[in-house]
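Trainee: Dumping the structure here so I can ask a few things about it.
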Amino acid sequence: MSDLILPDYRVQTDAVRNRFARIKKRPVTMEVKGVSKYFSSKHGTITALKDINLTIHKREFVCVIGPSGCGKSTLIRIMAGLEQASEGEVRLDGKAVDKPGPERGMVFQGYTLFPWLSVKQNIMFGLRESGYNKGSAEAEARQWIELIGLSRFENSYPHQLSGGMKQRVAIARALANKPKVLLMDEPFGALDAQTRSKMQSHLMEIWKNIDVTVFFITHDLDEAIYLADRILVLKSNPGEVQEIIEVPIPQPRHPDQFLTAEFLATKKHLEQLIHPANQDDDEDHLNLIRMVPVNDDVGSVF
Ligand SMILES: Nc1ncnc2c1ncn2[C@@H]1O[C@H](COP(=O)(O)OP(=O)(O)OP(=O)(O)O)[C@@H](O)[C@H]1O
């Protein structure tokens with residue numbers, strides 16, 4: 001990629017610039033204001049997050065990337081109300097978040113469906129909790145099952161589903177409660193590459209058709225660029241905002257865009273942010289002793 005002449009990732013076409021202008025005019029849904037988080041450990045205090053500020057507008061899709069340990073999960077847990085910030089606050093539609101609530105749906109990497117409930121019962125569960133009677137919860141669940149294309153599996157149990165199907169059910173279950181924000185922590189991290197790419201397209205389709213704002217953690221740069229309006233890049237030790245990038249790829253997104261100059265330029269920039277050149281990290285080196293015959297030529301040019 002280094003030999004290609006790529007545009008600057010900050011250059012936007014008129015369509016992309018206009019889209020961002022429209023997004024910025026939408027009301028703010030979530031605000032992360034000066035959030036810091038400290039943990040005590042036997043080695044002292046860990047600053048997992050330091051002064052994080054982010055404003056997310058209604059219907060925006062924001063992805064978060066950053067090296068392992070930069071505080072991504074801590075941030076999403078604070079946004080979900082599962083963890084308290086040490087300093088600062090998170091607001092949803094102007095109201096401080098201090099505990100989990102139905103207006104924030106969560107989807108995690110691990111399959112979090114109830115194994116003893118069928119697909120339909122899993123989706124009905126939250127609806128029943130929020131006061132739907134059995135008949136209306138069932139009708140609502142069926143609509144979601146149809147939307148995620150699993151009508152044939154409504155009475156199947158999680159162990160009878162593939163990983164991708166389970167995550168589709170988890171997304172439907174989170175969305176059935178009509179949250180304002182969907183918080184997703186590496187939801188496709190455990191899936192094989194092909195299923196993952198299908199799930200990304202499914203999620204894009206769902207997001208286009210459902211009135212929801214998405215905050216999505218991933219390790220995968222392609223996934224972040226493909227899905228996001230903006231990408232929050234965190235750095236570690238302490239977890240701080242490195243950059244917030246407006247993705248210059250037009251909507252609607254399509255897998256063909258993975259090879260466009262804008263896509264490659266954005267990916268190159270993210271790679272530079274996450275793996276800066278000349279960074280000599282001891283953990284990246286393998287201390288290998290050669291344990292092959294002297295004339296072994298695997299790995300040499302021939
Ligand atoms: N409950 C805890 N107690 C002590 N330290 C914690 C706790 N939770 C997280 N940390 C520390 O806070 C830092 C951020 O962790 P976090 O899991 O949020 O990072 P992450 O970016 O999500 O990592 P990964 O990409 O590997 O999942 C790490 O140094 C981690 O060890």
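Residue numbers start at 1 in each chain; chains themselves are named A, B, ... in the order of the structure tokens; ligands are numbered from 1 in the order shown.
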Need the shell around Asp8 of chain A: protein/DNA/RNA residues with any atom at most 12 Å away, counting only C-alpha atoms. Skip same-chain ones fewer than 3 positions apart. Format as a PyMOL selection string?

Mentor: chain A and resi 5+11-13+247-248+261-269

Trainee: Counting only C-alpha atoms and all ligand atoms, which protein, DNA or RNA residues come within 7 Å of ligand 1, given as a compact mmCIF listing (two decimals) with C-alpha atoms, in the first residue's frame?

Mentor:
```
# COMPACT_ATOMS: atom_id res chain seq x y z
CA PHE A 39 -8.65 1.40 38.64
CA SER A 40 -6.55 0.36 41.62
CA SER A 41 -4.29 -2.60 41.08
CA ILE A 46 -4.30 2.45 36.33
CA THR A 47 -5.69 5.36 34.31
CA ALA A 48 -7.93 3.39 31.96
CA GLY A 66 -7.44 1.49 19.56
CA PRO A 67 -4.77 -0.87 20.83
CA SER A 68 -5.58 -3.53 23.37
CA GLY A 69 -6.00 -2.03 26.84
CA CYS A 70 -6.74 1.53 25.66
CA GLY A 71 -10.05 1.55 27.52
CA LYS A 72 -12.60 0.77 24.79
CA SER A 73 -14.61 -1.70 26.89
CA THR A 74 -14.35 0.54 29.97
CA LEU A 75 -15.78 3.43 27.96
```

Trainee: Set the distance at 12 Å and use only C-alpha atoms: which residues neighbour Ile225 of chain A once local chain neighbours fewer than 5 positions away are removed? I'd like the list as a ChimeraX atom specification.

Mentor: /A:9,61-65,200,216-220,230-233,245-251,253-255,257-260,262-271

Trainee: Quick one: residues within 9 Å of Leu82 of chain A, only C-alpha atoms, excluding same-chain residues fewer than 5 positions away - as a compact mmCIF listing (two decimals) with C-alpha atoms, in the first residue's frame?

Mentor:
```
# COMPACT_ATOMS: atom_id res chain seq x y z
CA ILE A 76 -18.71 1.45 26.57
CA ARG A 77 -19.43 0.01 30.03
CA ASP A 98 -25.76 6.24 36.15
CA LYS A 99 -27.20 2.78 35.59
CA PRO A 100 -28.26 0.51 32.71
```

Trainee: To test your reading of the structure, identify every residue in segment 31-126 of chain A that backbone DSSP assigns to strand (DSSP E or B), and report it as JSON, numbers by chain.

Mentor: {"A": [31, 32, 33, 34, 35, 36, 37, 38, 39, 40, 41, 44, 45, 46, 47, 48, 49, 50, 51, 52, 53, 54, 55, 56, 57, 61, 62, 63, 64, 65, 87, 88, 89, 90, 91, 92, 95, 96, 104, 105, 106, 107, 108]}

Trainee: Tell me which protein, DNA and RNA residues are within 12 Å of segment 113-124 of chain A, counting only C-alpha atoms, leaving out same-chain ones fewer than 4 positions away, and put them as a PyMOL selection string.

Mentor: chain A and resi 106-109+128-146+148-161+163+165-177

Trainee: Could you save those same residues with C-alpha atoms as a compact mmCIF listing (two decimals), in the first residue's frame?

Mentor:
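Written file, result_5.txt:
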```txt
# COMPACT_ATOMS: atom_id res chain seq x y z
CA MET A 106 -26.12 -3.81 24.41
CA VAL A 107 -24.58 -6.49 22.21
CA PHE A 108 -21.32 -8.14 23.28
CA GLN A 109 -18.86 -10.47 21.56
CA ARG A 128 -42.32 -8.98 28.61
CA GLU A 129 -40.08 -7.26 31.19
CA SER A 130 -41.09 -3.87 29.83
CA GLY A 131 -44.80 -4.64 30.12
CA TYR A 132 -45.89 -6.20 26.81
CA ASN A 133 -48.51 -8.91 27.28
CA LYS A 134 -47.70 -12.37 25.89
CA GLY A 135 -49.62 -11.92 22.62
CA SER A 136 -48.17 -8.53 21.71
CA ALA A 137 -44.64 -9.57 22.76
CA GLU A 138 -44.95 -12.60 20.50
CA ALA A 139 -46.21 -10.53 17.56
CA GLU A 140 -43.41 -7.98 18.06
CA ALA A 141 -40.77 -10.74 18.39
CA ARG A 142 -42.00 -12.35 15.15
CA GLN A 143 -41.51 -9.08 13.27
CA TRP A 144 -37.91 -8.89 14.49
CA ILE A 145 -37.27 -12.53 13.63
CA GLU A 146 -38.52 -11.85 10.12
CA ILE A 148 -33.21 -10.75 10.73
CA GLY A 149 -34.24 -13.52 8.32
CA LEU A 150 -34.60 -16.29 10.92
CA SER A 151 -38.32 -17.10 10.66
CA ARG A 152 -37.54 -20.78 10.12
CA PHE A 153 -35.60 -20.81 13.39
CA GLU A 154 -38.00 -19.02 15.73
CA ASN A 155 -38.43 -22.13 17.87
CA SER A 156 -34.77 -23.18 17.73
CA TYR A 157 -32.51 -22.90 20.77
CA PRO A 158 -29.17 -21.03 20.76
CA HIS A 159 -27.11 -24.25 20.59
CA GLN A 160 -28.87 -25.08 17.31
CA LEU A 161 -27.73 -21.80 15.68
CA GLY A 163 -22.41 -17.90 15.58
CA MET A 165 -27.34 -16.41 13.65
CA LYS A 166 -26.85 -16.04 17.41
CA GLN A 167 -25.50 -12.52 16.96
CA ARG A 168 -28.42 -11.64 14.69
CA VAL A 169 -30.78 -12.75 17.48
CA ALA A 170 -28.76 -10.75 20.03
CA ILE A 171 -29.07 -7.64 17.83
CA ALA A 172 -32.82 -8.21 17.35
CA ARG A 173 -33.27 -8.76 21.08
CA ALA A 174 -31.45 -5.50 21.86
CA LEU A 175 -33.40 -3.56 19.20
CA ALA A 176 -36.82 -5.00 20.10
CA ASN A 177 -36.83 -2.80 23.20
```

Trainee: Kindly give the distance, in Å, that separates atom CA of Asp222 of chain A and atom CA of Leu273 of chain A, rounded to a single decimal.

Mentor: 14.5 Å

Trainee: If you run DSSP over the backbone, which residues in segment 87-255 of chain A end up helix (DSSP H, G or I)? Put them as a PyMOL selection string.

Mentor: chain A and resi 119-129+134-147+151-153+158-160+163-176+193-209+221-227+255

Trainee: Can you work out which one of A:Gly110, A:Gly94, A:Asn53, A:Phe188 has the shortest atom-to-atom distance to Glu243 of chain A, counting only C-alpha atoms?

Mentor: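 Smallest distance to Glu243 of chain A is found for A:Asn53.
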
Trainee: Residues within 8 Å of Ser36 of chain A, please, as a list in words. Count only C-alpha atoms; anything in the same chain fewer than 2 positions from it doesn't count.

Mentor: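 Near Ser36 of chain A, the qualifying residues are Gly34, Tyr38, Thr47, Ala48, Leu49, Lys50, Asp51, Ile52, Ala85, Ser86, Glu87 and Gly88 of chain A.
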
Trainee: Write a file of the just-selected residues containing N, CA and C atoms, as a short mmCIF file (atom, residue, chain, number, x, y, z; two decimals), in the first residue's frame.

Mentor:
```cif
data_model
loop_
_atom_site.label_atom_id
_atom_site.label_comp_id
_atom_site.auth_asym_id
_atom_site.auth_seq_id
_atom_site.Cartn_x
_atom_site.Cartn_y
_atom_site.Cartn_z
N GLY A 34 -15.67 14.81 29.58
CA GLY A 34 -14.53 14.77 30.50
C GLY A 34 -14.43 13.50 31.31
N TYR A 38 -10.23 5.50 36.75
CA TYR A 38 -9.04 4.96 37.41
C TYR A 38 -9.39 3.63 38.05
N THR A 47 -4.78 4.39 34.93
CA THR A 47 -5.69 5.36 34.31
C THR A 47 -6.20 4.72 33.03
N ALA A 48 -7.38 4.10 33.13
CA ALA A 48 -7.93 3.39 31.96
C ALA A 48 -8.44 4.39 30.93
N LEU A 49 -8.98 5.51 31.40
CA LEU A 49 -9.48 6.55 30.49
C LEU A 49 -9.11 7.91 31.06
N LYS A 50 -8.70 8.83 30.17
CA LYS A 50 -8.33 10.16 30.66
C LYS A 50 -9.01 11.24 29.82
N ASP A 51 -9.91 11.94 30.45
CA ASP A 51 -10.57 13.11 29.86
C ASP A 51 -11.12 12.85 28.46
N ILE A 52 -12.00 11.87 28.36
CA ILE A 52 -12.61 11.55 27.06
C ILE A 52 -13.81 12.47 26.81
N ALA A 85 -17.99 6.44 35.98
CA ALA A 85 -16.77 7.21 35.68
C ALA A 85 -16.17 7.72 36.99
N SER A 86 -14.83 7.81 37.04
CA SER A 86 -14.19 8.40 38.22
C SER A 86 -14.35 9.91 38.18
N GLU A 87 -14.27 10.46 36.95
CA GLU A 87 -14.49 11.90 36.75
C GLU A 87 -15.30 12.07 35.48
N GLY A 88 -16.05 13.17 35.40
CA GLY A 88 -16.83 13.45 34.20
C GLY A 88 -18.13 12.68 34.20
#
```

Trainee: Distance atom CA of Glu205 of chain A-atom CA of Pro187 of chain A, one decimal place?

Mentor: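 Calculated distance between atom CA of Glu205 of chain A and atom CA of Pro187 of chain A is 16.0 Å.
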
Trainee: So which residues touch Met30 of chain A within 7 Å, counting only C-alpha atoms, skipping near sequence neighbours fewer than 5 positions away, as a PyMOL selection string?

Mentor: chain A and resi 55-57+91-93

Trainee: Write out the residues from the selection above, keeping C-alpha atoms, as a short mmCIF file (atom, residue, chain, number, x, y, z; two decimals), in the first residue's frame.

Mentor:
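In the end it all went to again.cif:
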```
data_model
loop_
_atom_site.label_atom_id
_atom_site.label_comp_id
_atom_site.auth_asym_id
_atom_site.auth_seq_id
_atom_site.Cartn_x
_atom_site.Cartn_y
_atom_site.Cartn_z
CA THR A 55 -20.62 14.13 21.15
CA ILE A 56 -22.75 11.64 19.22
CA HIS A 57 -25.62 12.91 17.09
CA ARG A 91 -25.45 12.10 29.18
CA LEU A 92 -28.21 10.60 27.08
CA ASP A 93 -30.60 13.17 25.65
#
```

Trainee: Under the rule that only C-alpha atoms are counted, which of A:Gln272, A:Thr213, A:Ser236, A:Asn287 is the nearest residue to Val28 of chain A?

Mentor: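 Ranking A:Gln272, A:Thr213, A:Ser236, A:Asn287 by distance to Val28 of chain A, first place goes to A:Thr213.
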